[in-house]
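Asks: This is the structure I want to talk about, given as structure tokens.
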Number of protein chains: 2
Amino acid sequence: MGKIIECVPNFSEGRDSALIERIVEPLKNRAGFRLVSYEPDQDYNRTVVTLLGDGEAMIQPLLEFVDRARIAIDLNHHSGQHPRMGAVDVIPFIPIAEATVEECVALAERLGALVSQTFDIPVFLYALAAKKPDRVALPNIRKGEFEGMKDKIREPEWVPDFGRPEIHPTFGTVAIGCRIPLVAYNIDLGTTDEKIAEKLSRVIRQSSGGFQHIQAGPAFLAARGHVQVTMNILDYRKNPVYRIWETVQMEAKRFHVEVPSCEIVGLMPKEALLDSLKYYFAVAGRPFPAAMPIETAVSEGIRYLHLRDFDAAKIIESHLKPEEIR
Amino acid sequence: MGKIIECVPNFSEGRDSALIERIVEPLKNRAGFRLVSYEPDQDYNRTVVTLLGDGEAMIQPLLEFVDRARIAIDLNHHSGQHPRMGAVDVIPFIPIAEATVEECVALAERLGALVSQTFDIPVFLYALAAKKPDRVALPNIRKGEFEGMKDKIREPEWVPDFGRPEIHPTFGTVAIGCRIPLVAYNIDLGTTDEKIAEKLSRVIRQSSGGFQHIQAGPAFLAARGHVQVTMNILDYRKNPVYRIWETVQMEAKRFHVEVPSCEIVGLMPKEALLDSLKYYFAVAGRPFPAAMPIETAVSEGIRYLHLRDFDAAKIIESHLKPEEIR
């Protein structure tokens, strides 16, 4: 079995560990795929789950997982630093090895139809599964969040792709789609001033005129006591991590703010890390090896990119058997 | 008279100074506007002309200028580092003070009709004067250049906005339009390796995934003996000069190439210079003055941005009377 699909459901609970365990439980120890990680964030009040394996095998467990979130989470009483419109907010399928975009779009459509039929939850198809151009970018769909979606979903242009134009009263709505691997990347700032994080976000994000393929915004991490620029790098081949890291450092100088560290949320392809290491090796005049073990890449990444909470488990390839790696 | 329009015709001769004088002569000492500068570039084999004043008063002299270029230049025997499709290649009208985009579009349309009727030269309306979405970006129109335009102009989607779908045999064709002020900005690299200039262009330009509002490409300056990244900053409010300068320096480190200097072609608004100076003042912890004379801004620009061949005449406002400055 060489075909590998990644699925990264995000759900809107990041604080109550008993609740989190109950919600992810249907994704544990299932045949055909692995629950690689689930990463709760207290400040975001959100958990990012990563599955790897056979996409078909994920459908039934994902339905059970959506059901658990439906029972456990009431968005009327939810707050957090991350925008959200659903108890399960977004479910992307990502082709990793020997899988196509078309297969992942088909999975998104099947899961979307089932979620809406089974639980009466409206579903938007997004990214590469979008049926309308303004549904490609998730922030477009999610704008207004849970609170605004009640009215928004009744507008003719926001009729959901599956289900009635009516949010579920406690769950809200969910975006399901297919995308290529992105890098969810956050840069820590040595300040509690959210305005500075907003200004730096504007510099780098596409919607404000910055780099293409970058979605970014500010976030205050009360548990850690600082703000960060939180972003998705939608095409890391075009805008590698090091370029964003260096640009944010350059811009932060004007605010006399430290940029001490950064983090990857979920997994990143090994290629994305190596691409950035190549820059630093070239600057340092170090020849870049033809092959680099994951452990070496990780320690060089910590050295040059100041990645915190970073280890081999953050690299997609560390979860694949050798024969699954392209 | 407070209304000020800028017009920046570019023509395809940058080497023969007698010829250049003959072509710009109809633009000298005319009532209603000033010929602010004309800047020939040997390597580009192209001259950038800047007019400031009453747009209506420019129309008849511009027609005479187009006629001189038509007589003097045969693009069948022209080569240079800058892409071109016409003896006069592009004529933008730019609202500067108390003038609207609509007025400048009307000027572009009037001049376009006259150029085509008088000289049988086909005209494309571009940028804010474009009638079709794929004619907004000048590089789209100019793709294929003079040599390719012969066939391209016969394709149904490239029928000119004025004139027959047939290039003028020696003049080619011209783009006339309206745009907001842009900054034509070139960064010098301490190398003759055009591949490095191309790689750096790809980092920053929109079409390769870099910053929005940036058009960029490599150029080899034989007369100066180095390459440069040549670019248009289409929206300097979104992507200020300093950000591009710093990003190119950061990226150039991996090639171990010096980035000694840069230049502005034509004029830049004072605001665009001040916006960049604010960054360096903030980094240096220097308070930014409420008002800064042009001469001071220029010397600080040379200091922080390493601008070469830069003086007050490069700033639009230095050519305006005090009452014309908004």
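Labels for the structure tokens follow display order: chains A, B, ..., residues from 1 in each chain, ligands from 1.
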Counting only C-alpha atoms, give me one row per residue of chain B with an atom at most 9 Å from an atom of chain A, showing the shortest contact pair and its distance in Å to one decimal, sorted by chain then residue number, as CSV.

Replies:
residue,atom,partner,partner_atom,distance
B:Val203,CA,A:Lys238,CA,8.0
B:Ile204,CA,A:Phe211,CA,8.3
B:Gln206,CA,A:Gln212,CA,7.2
B:Ser208,CA,A:Lys238,CA,7.3
B:Gly209,CA,A:Gln212,CA,5.2
B:Gly210,CA,A:Phe211,CA,5.2
B:Phe211,CA,A:Phe211,CA,4.3
B:Gln212,CA,A:Gly209,CA,5.2
B:His213,CA,A:Gly209,CA,7.2
B:Asp235,CA,A:Gly209,CA,8.7
B:Lys238,CA,A:Gly209,CA,5.5
B:Asn239,CA,A:Gly209,CA,7.0
B:Arg243,CA,A:Glu251,CA,8.1
B:Glu246,CA,A:Met250,CA,7.7
B:Thr247,CA,A:Thr247,CA,6.9
B:Met250,CA,A:Glu246,CA,7.7
B:Glu251,CA,A:Arg243,CA,8.1
B:Ala252,CA,A:Val283,CA,8.8
B:Lys253,CA,A:Val283,CA,5.5
B:Arg254,CA,A:Val283,CA,4.4
B:Phe255,CA,A:Ala282,CA,7.1
B:His256,CA,A:Val283,CA,7.0
B:Lys278,CA,A:Arg254,CA,8.7
B:Tyr279,CA,A:Arg254,CA,5.9
B:Tyr280,CA,A:Arg254,CA,7.3
B:Phe281,CA,A:Arg254,CA,8.0
B:Ala282,CA,A:Arg254,CA,4.8
B:Val283,CA,A:Arg254,CA,4.3
B:Ala284,CA,A:Arg254,CA,8.0
B:Gly285,CA,A:Arg254,CA,8.2

Asks: Identify, with DSSP run on backbone atoms, the residues in stretch 82-325 of chain B assigned to alpha helix (DSSP H), and express the list as a VMD selection string.

Replies: chain B and resid 101 to 119 138 to 142 145 to 152 194 to 204 241 to 252 270 to 284 294 to 305

Asks: Write out the residues from the selection above, keeping C-alpha atoms, as a short mmCIF file (atom, residue, chain, number, x, y, z; two decimals), in the first residue's frame.

Replies:
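result_39.cif, freshly written:
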data_model
loop_
_atom_site.label_atom_id
_atom_site.label_comp_id
_atom_site.auth_asym_id
_atom_site.auth_seq_id
_atom_site.Cartn_x
_atom_site.Cartn_y
_atom_site.Cartn_z
CA VAL B 101 -8.26 58.86 -13.05
CA GLU B 102 -11.24 59.52 -15.33
CA GLU B 103 -9.59 62.63 -16.80
CA CYS B 104 -6.39 60.71 -17.45
CA VAL B 105 -8.28 57.83 -19.06
CA ALA B 106 -10.00 60.37 -21.33
CA LEU B 107 -6.61 61.84 -22.29
CA ALA B 108 -5.28 58.36 -23.10
CA GLU B 109 -8.30 57.65 -25.29
CA ARG B 110 -8.00 60.96 -27.14
CA LEU B 111 -4.29 60.56 -27.76
CA GLY B 112 -4.79 56.92 -28.76
CA ALA B 113 -7.43 57.81 -31.36
CA LEU B 114 -5.22 60.58 -32.78
CA VAL B 115 -2.08 58.42 -32.97
CA SER B 116 -3.92 55.70 -34.83
CA GLN B 117 -5.77 58.06 -37.22
CA THR B 118 -2.78 60.28 -37.96
CA PHE B 119 -0.01 57.70 -38.37
CA LEU B 138 1.44 45.99 -19.66
CA PRO B 139 3.71 42.90 -19.74
CA ASN B 140 0.70 40.87 -20.97
CA ILE B 141 0.23 43.18 -23.94
CA ARG B 142 3.94 43.50 -24.69
CA GLU B 145 7.59 42.27 -28.19
CA PHE B 146 7.93 43.96 -31.58
CA GLU B 147 9.03 40.74 -33.25
CA GLY B 148 6.08 38.67 -32.01
CA MET B 149 3.47 41.41 -32.26
CA LYS B 150 3.25 41.02 -36.05
CA ASP B 151 1.33 37.76 -35.60
CA LYS B 152 -0.10 38.38 -32.13
CA GLU B 194 22.13 37.34 -15.08
CA LYS B 195 20.87 34.07 -13.57
CA ILE B 196 21.27 35.52 -10.09
CA ALA B 197 19.30 38.64 -11.10
CA GLU B 198 16.60 36.34 -12.47
CA LYS B 199 16.48 34.30 -9.24
CA LEU B 200 16.20 37.47 -7.16
CA SER B 201 13.49 38.82 -9.48
CA ARG B 202 11.51 35.63 -8.97
CA VAL B 203 11.65 36.09 -5.19
CA ILE B 204 10.09 39.52 -5.25
CA VAL B 241 11.03 50.59 -1.48
CA TYR B 242 12.83 49.68 1.75
CA ARG B 243 11.08 46.32 1.97
CA ILE B 244 12.17 45.31 -1.51
CA TRP B 245 15.68 46.63 -0.91
CA GLU B 246 16.03 44.68 2.36
CA THR B 247 14.50 41.51 0.90
CA VAL B 248 16.83 41.53 -2.09
CA GLN B 249 19.81 42.04 0.23
CA MET B 250 18.69 39.14 2.42
CA GLU B 251 18.19 36.83 -0.56
CA ALA B 252 21.47 37.92 -2.23
CA LYS B 270 8.02 62.35 -1.94
CA GLU B 271 5.63 60.21 0.12
CA ALA B 272 7.21 57.04 -1.28
CA LEU B 273 10.64 58.15 -0.10
CA LEU B 274 9.41 59.29 3.32
CA ASP B 275 7.59 55.99 3.90
CA SER B 276 10.87 54.14 3.48
CA LEU B 277 12.87 56.60 5.57
CA LYS B 278 10.40 56.07 8.41
CA TYR B 279 11.50 52.46 8.61
CA TYR B 280 15.19 53.33 8.93
CA PHE B 281 14.56 56.15 11.38
CA ALA B 282 12.50 53.79 13.55
CA VAL B 283 15.20 51.09 13.41
CA ALA B 284 17.83 53.68 14.37
CA ILE B 294 13.07 67.45 -0.02
CA GLU B 295 16.85 67.99 0.19
CA THR B 296 17.00 66.29 3.59
CA ALA B 297 14.83 63.40 2.40
CA VAL B 298 17.15 62.95 -0.56
CA SER B 299 20.33 62.84 1.52
CA GLU B 300 18.74 60.43 4.00
CA GLY B 301 17.59 58.31 1.04
CA ILE B 302 21.14 58.13 -0.26
CA ARG B 303 22.37 57.22 3.22
CA TYR B 304 19.89 54.47 4.05
CA LEU B 305 18.80 53.13 0.66
#

Asks: Quick one: chain B onto chain A, least squares on all Cα paired in order, result as a compact mmCIF listing (two decimals) with C-alpha atoms, in the first residue's frame?

Replies:
# COMPACT_ATOMS: atom_id res chain seq x y z
CA MET B 1 0.06 0.04 -0.07
CA GLY B 2 1.80 3.16 -1.28
CA LYS B 3 -1.12 5.57 -1.34
CA ILE B 4 -0.97 8.08 1.54
CA ILE B 5 -3.50 10.81 2.25
CA GLU B 6 -3.22 13.28 5.10
CA CYS B 7 -6.30 14.62 6.86
CA VAL B 8 -6.05 17.53 9.31
CA PRO B 9 -9.36 18.17 11.10
CA ASN B 10 -9.37 21.21 13.38
CA PHE B 11 -11.90 21.33 16.22
CA SER B 12 -12.89 24.12 18.56
CA GLU B 13 -11.71 22.89 21.95
CA GLY B 14 -8.14 23.36 23.15
CA ARG B 15 -8.42 23.57 26.94
CA ASP B 16 -10.40 20.72 28.49
CA SER B 17 -8.18 17.69 28.04
CA ALA B 18 -10.86 15.17 29.09
CA LEU B 19 -13.15 16.60 26.41
CA ILE B 20 -10.36 16.58 23.84
CA GLU B 21 -9.63 12.92 24.56
CA ARG B 22 -13.29 12.04 24.18
CA ILE B 23 -13.52 13.78 20.81
CA VAL B 24 -10.39 12.27 19.24
CA GLU B 25 -11.05 8.77 20.65
CA PRO B 26 -12.84 7.45 17.50
CA LEU B 27 -9.68 8.30 15.51
CA LYS B 28 -7.39 6.13 17.62
CA ASN B 29 -6.24 2.64 16.66
CA ARG B 30 -8.30 2.31 13.52
CA ALA B 31 -7.40 0.13 10.60
CA GLY B 32 -5.91 1.77 7.50
CA PHE B 33 -4.61 5.03 8.94
CA ARG B 34 -2.70 6.42 11.90
CA LEU B 35 -3.60 9.21 14.30
CA VAL B 36 -0.23 10.94 14.07
CA SER B 37 -0.86 13.78 16.52
CA TYR B 38 -3.38 16.07 18.09
CA GLU B 39 -2.16 19.42 19.29
CA PRO B 40 -4.44 21.44 21.57
CA ASP B 41 -3.74 25.17 21.88
CA GLN B 42 -5.12 26.88 24.97
CA ASP B 43 -4.99 30.39 23.58
CA TYR B 44 -6.53 29.41 20.27
CA ASN B 45 -8.95 27.09 22.15
CA ARG B 46 -8.58 24.75 19.23
CA THR B 47 -6.99 21.37 18.49
CA VAL B 48 -5.28 20.36 15.26
CA VAL B 49 -5.51 16.63 14.51
CA THR B 50 -3.31 14.88 11.95
CA LEU B 51 -4.20 11.57 10.30
CA LEU B 52 -2.08 9.75 7.74
CA GLY B 53 -2.96 6.72 5.64
CA ASP B 54 -5.85 5.41 3.57
CA GLY B 55 -8.41 8.17 3.05
CA GLU B 56 -11.33 5.76 2.52
CA ALA B 57 -10.65 4.20 5.92
CA MET B 58 -10.91 7.63 7.58
CA ILE B 59 -14.49 8.42 6.51
CA GLN B 60 -16.45 6.39 9.10
CA PRO B 61 -14.14 7.32 12.04
CA LEU B 62 -14.32 11.01 10.97
CA LEU B 63 -18.12 10.81 11.10
CA GLU B 64 -17.91 9.44 14.65
CA PHE B 65 -15.41 12.18 15.52
CA VAL B 66 -17.76 14.87 14.16
CA ASP B 67 -20.54 13.32 16.26
CA ARG B 68 -18.41 13.51 19.43
CA ALA B 69 -17.60 17.17 18.75
CA ARG B 70 -21.28 17.85 18.05
CA ILE B 71 -22.22 16.43 21.46
CA ALA B 72 -19.35 17.98 23.42
CA ILE B 73 -19.01 21.50 22.00
CA ASP B 74 -21.46 24.39 22.02
CA LEU B 75 -20.02 27.30 20.04
CA ASN B 76 -22.44 29.68 21.75
CA HIS B 77 -20.11 29.38 24.74
CA HIS B 78 -16.76 29.27 22.95
CA SER B 79 -14.05 31.87 22.72
CA GLY B 80 -10.47 31.70 21.52
CA GLN B 81 -7.83 33.58 19.54
CA HIS B 82 -8.42 31.59 16.35
CA PRO B 83 -11.36 32.38 14.05
CA ARG B 84 -13.89 29.51 13.85
CA MET B 85 -17.35 28.78 12.47
CA GLY B 86 -17.85 25.17 13.60
CA ALA B 87 -17.34 22.76 16.51
CA VAL B 88 -15.29 20.92 13.92
CA ASP B 89 -14.15 23.90 11.95
CA VAL B 90 -12.33 22.55 8.94
CA ILE B 91 -11.42 19.13 7.49
CA PRO B 92 -8.88 19.16 4.65
CA PHE B 93 -7.75 16.06 2.75
CA ILE B 94 -4.21 16.33 1.38
CA PRO B 95 -2.57 14.06 -1.21
CA ILE B 96 0.86 13.01 0.12
CA ALA B 97 2.01 9.93 -1.83
CA GLU B 98 0.52 8.23 -4.88
CA ALA B 99 -2.78 10.03 -4.29
CA THR B 100 -4.37 12.63 -6.52
CA VAL B 101 -6.20 15.88 -5.89
CA GLU B 102 -9.24 14.30 -7.57
CA GLU B 103 -9.31 11.45 -5.04
CA CYS B 104 -9.10 13.89 -2.15
CA VAL B 105 -11.86 16.07 -3.62
CA ALA B 106 -14.03 12.94 -3.90
CA LEU B 107 -13.34 12.11 -0.24
CA ALA B 108 -14.28 15.65 0.80
CA GLU B 109 -17.54 15.41 -1.16
CA ARG B 110 -18.43 12.02 0.34
CA LEU B 111 -17.69 13.11 3.88
CA GLY B 112 -19.53 16.40 3.32
CA ALA B 113 -22.67 14.64 2.11
CA LEU B 114 -22.57 12.23 5.07
CA VAL B 115 -22.02 14.96 7.68
CA SER B 116 -24.94 16.95 6.38
CA GLN B 117 -27.31 13.95 6.01
CA THR B 118 -26.41 12.34 9.33
CA PHE B 119 -26.29 15.37 11.62
CA ASP B 120 -28.11 18.14 9.73
CA ILE B 121 -24.92 20.21 9.75
CA PRO B 122 -24.40 22.47 6.71
CA VAL B 123 -21.11 21.91 4.85
CA PHE B 124 -19.02 24.19 2.65
CA LEU B 125 -16.60 22.69 0.15
CA TYR B 126 -13.39 24.78 0.11
CA ALA B 127 -9.91 25.09 -1.41
CA LEU B 128 -9.42 22.64 -4.31
CA ALA B 129 -12.85 21.13 -3.59
CA ALA B 130 -14.62 24.49 -3.89
CA LYS B 131 -17.51 24.73 -6.38
CA LYS B 132 -17.42 28.55 -6.42
CA PRO B 133 -14.39 30.84 -6.78
CA ASP B 134 -15.12 32.74 -3.56
CA ARG B 135 -15.02 29.49 -1.59
CA VAL B 136 -11.43 28.65 -2.47
CA ALA B 137 -10.02 30.80 0.35
CA LEU B 138 -11.22 29.51 3.72
CA PRO B 139 -11.08 32.97 5.37
CA ASN B 140 -13.74 34.14 2.86
CA ILE B 141 -16.13 31.41 3.96
CA ARG B 142 -15.36 31.78 7.66
CA LYS B 143 -15.64 35.57 7.70
CA GLY B 144 -18.21 36.53 10.34
CA GLU B 145 -17.43 33.28 12.20
CA PHE B 146 -20.01 31.26 14.11
CA GLU B 147 -21.78 34.39 15.32
CA GLY B 148 -22.18 35.93 11.86
CA MET B 149 -22.82 32.70 10.00
CA LYS B 150 -26.40 32.52 11.26
CA ASP B 151 -27.38 35.33 8.89
CA LYS B 152 -24.64 34.90 6.28
CA ILE B 153 -25.68 31.35 5.38
CA ARG B 154 -29.14 32.62 4.38
CA GLU B 155 -27.69 34.91 1.72
CA PRO B 156 -28.07 33.40 -1.76
CA GLU B 157 -24.30 33.41 -2.42
CA TRP B 158 -23.57 31.56 0.83
CA VAL B 159 -26.00 28.66 0.47
CA PRO B 160 -23.98 25.66 1.72
CA ASP B 161 -22.76 22.98 -0.68
CA PHE B 162 -24.51 20.32 1.42
CA GLY B 163 -27.45 20.77 3.79
CA ARG B 164 -30.02 23.46 4.49
CA PRO B 165 -29.05 27.15 4.60
CA GLU B 166 -29.31 27.14 8.40
CA ILE B 167 -26.45 26.69 10.86
CA HIS B 168 -26.59 23.89 13.39
CA PRO B 169 -27.58 25.71 16.62
CA THR B 170 -24.57 24.54 18.66
CA PHE B 171 -22.16 23.08 16.09
CA GLY B 172 -22.34 25.82 13.47
CA THR B 173 -21.02 24.73 10.12
CA VAL B 174 -17.89 23.07 8.74
CA ALA B 175 -15.60 23.51 5.74
CA ILE B 176 -14.44 20.29 4.12
CA GLY B 177 -12.01 20.28 1.24
CA CYS B 178 -8.84 19.24 -0.47
CA ARG B 179 -5.62 21.20 -0.50
CA ILE B 180 -1.95 20.64 -1.22
CA PRO B 181 0.29 20.45 1.87
CA LEU B 182 0.57 23.82 3.56
CA VAL B 183 2.81 24.89 6.37
CA ALA B 184 1.00 26.28 9.42
CA TYR B 185 3.65 28.55 10.82
CA ASN B 186 3.65 30.97 13.74
CA ILE B 187 6.31 33.51 14.65
CA ASP B 188 6.65 34.54 18.30
CA LEU B 189 7.17 38.20 19.18
CA GLY B 190 8.67 39.39 22.45
CA THR B 191 5.77 41.71 23.19
CA THR B 192 2.14 41.65 24.30
CA ASP B 193 1.26 44.41 21.82
CA GLU B 194 -1.16 42.88 19.34
CA LYS B 195 -0.94 45.97 17.13
CA ILE B 196 2.66 45.12 16.30
CA ALA B 197 1.65 41.55 15.37
CA GLU B 198 -1.06 43.02 13.15
CA LYS B 199 1.39 45.40 11.45
CA LEU B 200 3.83 42.55 10.80
CA SER B 201 0.99 40.36 9.49
CA ARG B 202 0.07 43.10 7.04
CA VAL B 203 3.63 43.19 5.71
CA ILE B 204 3.70 39.52 4.80
CA ARG B 205 0.15 38.51 3.94
CA GLN B 206 -1.23 38.46 0.42
CA SER B 207 -4.50 40.24 1.22
CA SER B 208 -2.59 43.34 2.40
CA GLY B 209 -0.21 43.41 -0.55
CA GLY B 210 2.60 41.31 0.92
CA PHE B 211 3.83 37.92 -0.24
CA GLN B 212 1.52 35.76 -2.32
CA HIS B 213 0.24 32.48 -0.87
CA ILE B 214 0.47 33.78 2.71
CA GLN B 215 -2.52 34.11 5.04
CA ALA B 216 -1.53 35.78 8.32
CA GLY B 217 -2.98 37.49 11.35
CA PRO B 218 -2.11 38.50 14.89
CA ALA B 219 -2.83 36.37 17.97
CA PHE B 220 -2.31 36.98 21.68
CA LEU B 221 -1.14 33.92 23.57
CA ALA B 222 -2.25 34.56 27.14
CA ALA B 223 -0.88 31.23 28.35
CA ARG B 224 2.58 32.09 26.99
CA GLY B 225 2.36 35.81 27.65
CA HIS B 226 3.18 37.17 24.21
CA VAL B 227 1.72 37.79 20.76
CA GLN B 228 2.55 35.98 17.55
CA VAL B 229 2.06 36.31 13.83
CA THR B 230 0.06 33.21 12.95
CA MET B 231 0.01 32.16 9.32
CA ASN B 232 -0.57 29.57 6.66
CA ILE B 233 2.09 29.28 3.97
CA LEU B 234 -0.13 27.98 1.18
CA ASP B 235 2.74 27.33 -1.23
CA TYR B 236 6.02 26.75 0.58
CA ARG B 237 7.83 26.20 -2.72
CA LYS B 238 7.12 29.81 -3.72
CA ASN B 239 7.47 31.36 -0.27
CA PRO B 240 9.75 29.29 1.91
CA VAL B 241 9.74 29.51 5.70
CA TYR B 242 13.16 31.20 5.89
CA ARG B 243 12.01 34.11 3.75
CA ILE B 244 9.05 34.86 6.00
CA TRP B 245 11.18 34.40 9.12
CA GLU B 246 13.87 36.80 7.84
CA THR B 247 11.33 39.35 6.58
CA VAL B 248 9.48 39.43 9.91
CA GLN B 249 12.80 39.88 11.73
CA MET B 250 13.76 42.74 9.42
CA GLU B 251 10.41 44.47 9.85
CA ALA B 252 10.34 43.89 13.64
CA LYS B 253 13.53 45.93 14.01
CA ARG B 254 11.57 49.13 13.55
CA PHE B 255 9.48 48.26 16.61
CA HIS B 256 12.55 47.19 18.61
CA VAL B 257 10.82 43.90 19.35
CA GLU B 258 12.59 40.57 19.77
CA VAL B 259 11.66 37.70 17.45
CA PRO B 260 12.91 34.84 19.62
CA SER B 261 11.32 31.75 18.13
CA CYS B 262 8.71 30.21 15.86
CA GLU B 263 6.68 27.01 15.60
CA ILE B 264 5.12 24.63 13.11
CA VAL B 265 1.53 23.57 13.84
CA GLY B 266 0.72 20.07 12.60
CA LEU B 267 3.20 18.58 10.18
CA MET B 268 5.45 19.93 7.48
CA PRO B 269 6.91 18.13 4.47
CA LYS B 270 10.63 17.43 4.84
CA GLU B 271 11.17 19.27 1.54
CA ALA B 272 9.84 22.48 3.08
CA LEU B 273 12.41 22.29 5.87
CA LEU B 274 15.29 21.38 3.54
CA ASP B 275 14.45 24.28 1.19
CA SER B 276 14.91 26.70 4.06
CA LEU B 277 18.05 25.02 5.37
CA LYS B 278 19.59 25.38 1.92
CA TYR B 279 19.45 29.15 2.32
CA TYR B 280 21.28 29.13 5.65
CA PHE B 281 23.84 26.59 4.49
CA ALA B 282 24.56 28.73 1.42
CA VAL B 283 24.88 31.89 3.53
CA ALA B 284 27.26 30.07 5.89
CA GLY B 285 29.22 28.63 2.98
CA ARG B 286 28.41 25.07 4.09
CA PRO B 287 27.94 22.54 1.27
CA PHE B 288 24.47 21.05 1.35
CA PRO B 289 24.49 17.24 1.57
CA ALA B 290 22.78 15.19 -1.14
CA ALA B 291 20.75 13.42 1.56
CA MET B 292 20.00 14.62 5.06
CA PRO B 293 18.44 12.41 7.75
CA ILE B 294 15.30 13.82 9.36
CA GLU B 295 17.01 14.11 12.76
CA THR B 296 19.79 16.25 11.28
CA ALA B 297 17.31 18.43 9.39
CA VAL B 298 15.40 18.96 12.62
CA SER B 299 18.45 20.01 14.64
CA GLU B 300 19.60 22.35 11.86
CA GLY B 301 16.06 23.76 11.71
CA ILE B 302 16.16 24.51 15.42
CA ARG B 303 19.59 26.11 14.99
CA TYR B 304 18.85 28.37 12.03
CA LEU B 305 15.10 28.98 12.22
CA HIS B 306 14.80 29.01 16.01
CA LEU B 307 11.92 26.53 15.84
CA ARG B 308 10.59 25.68 19.29
CA ASP B 309 8.73 22.50 20.32
CA PHE B 310 10.15 20.96 17.18
CA ASP B 311 11.15 17.36 16.68
CA ALA B 312 11.15 14.63 14.04
CA ALA B 313 7.46 13.91 14.64
CA LYS B 314 6.72 17.30 13.00
CA ILE B 315 8.00 16.00 9.66
CA ILE B 316 5.43 14.12 7.54
CA GLU B 317 8.02 11.64 6.32
CA SER B 318 8.87 10.49 9.86
CA HIS B 319 5.41 8.90 9.94
CA LEU B 320 5.78 7.06 6.67
CA LYS B 321 7.43 3.73 6.06
CA PRO B 322 10.47 4.03 3.74
CA GLU B 323 8.57 2.53 0.81
CA GLU B 324 5.85 5.18 1.18
CA ILE B 325 8.27 8.05 0.66
CA ARG B 326 8.39 9.35 -2.89

Asks: According to DSSP computed on the backbone, where in stretch 61-235 of chain A is there strand (DSSP E or B)? Give the residues as a PyMOL selection string.

Replies: chain A and resi 86+88-97+123-127+162+168+172+174-178+183-189+211+214-221+226-233
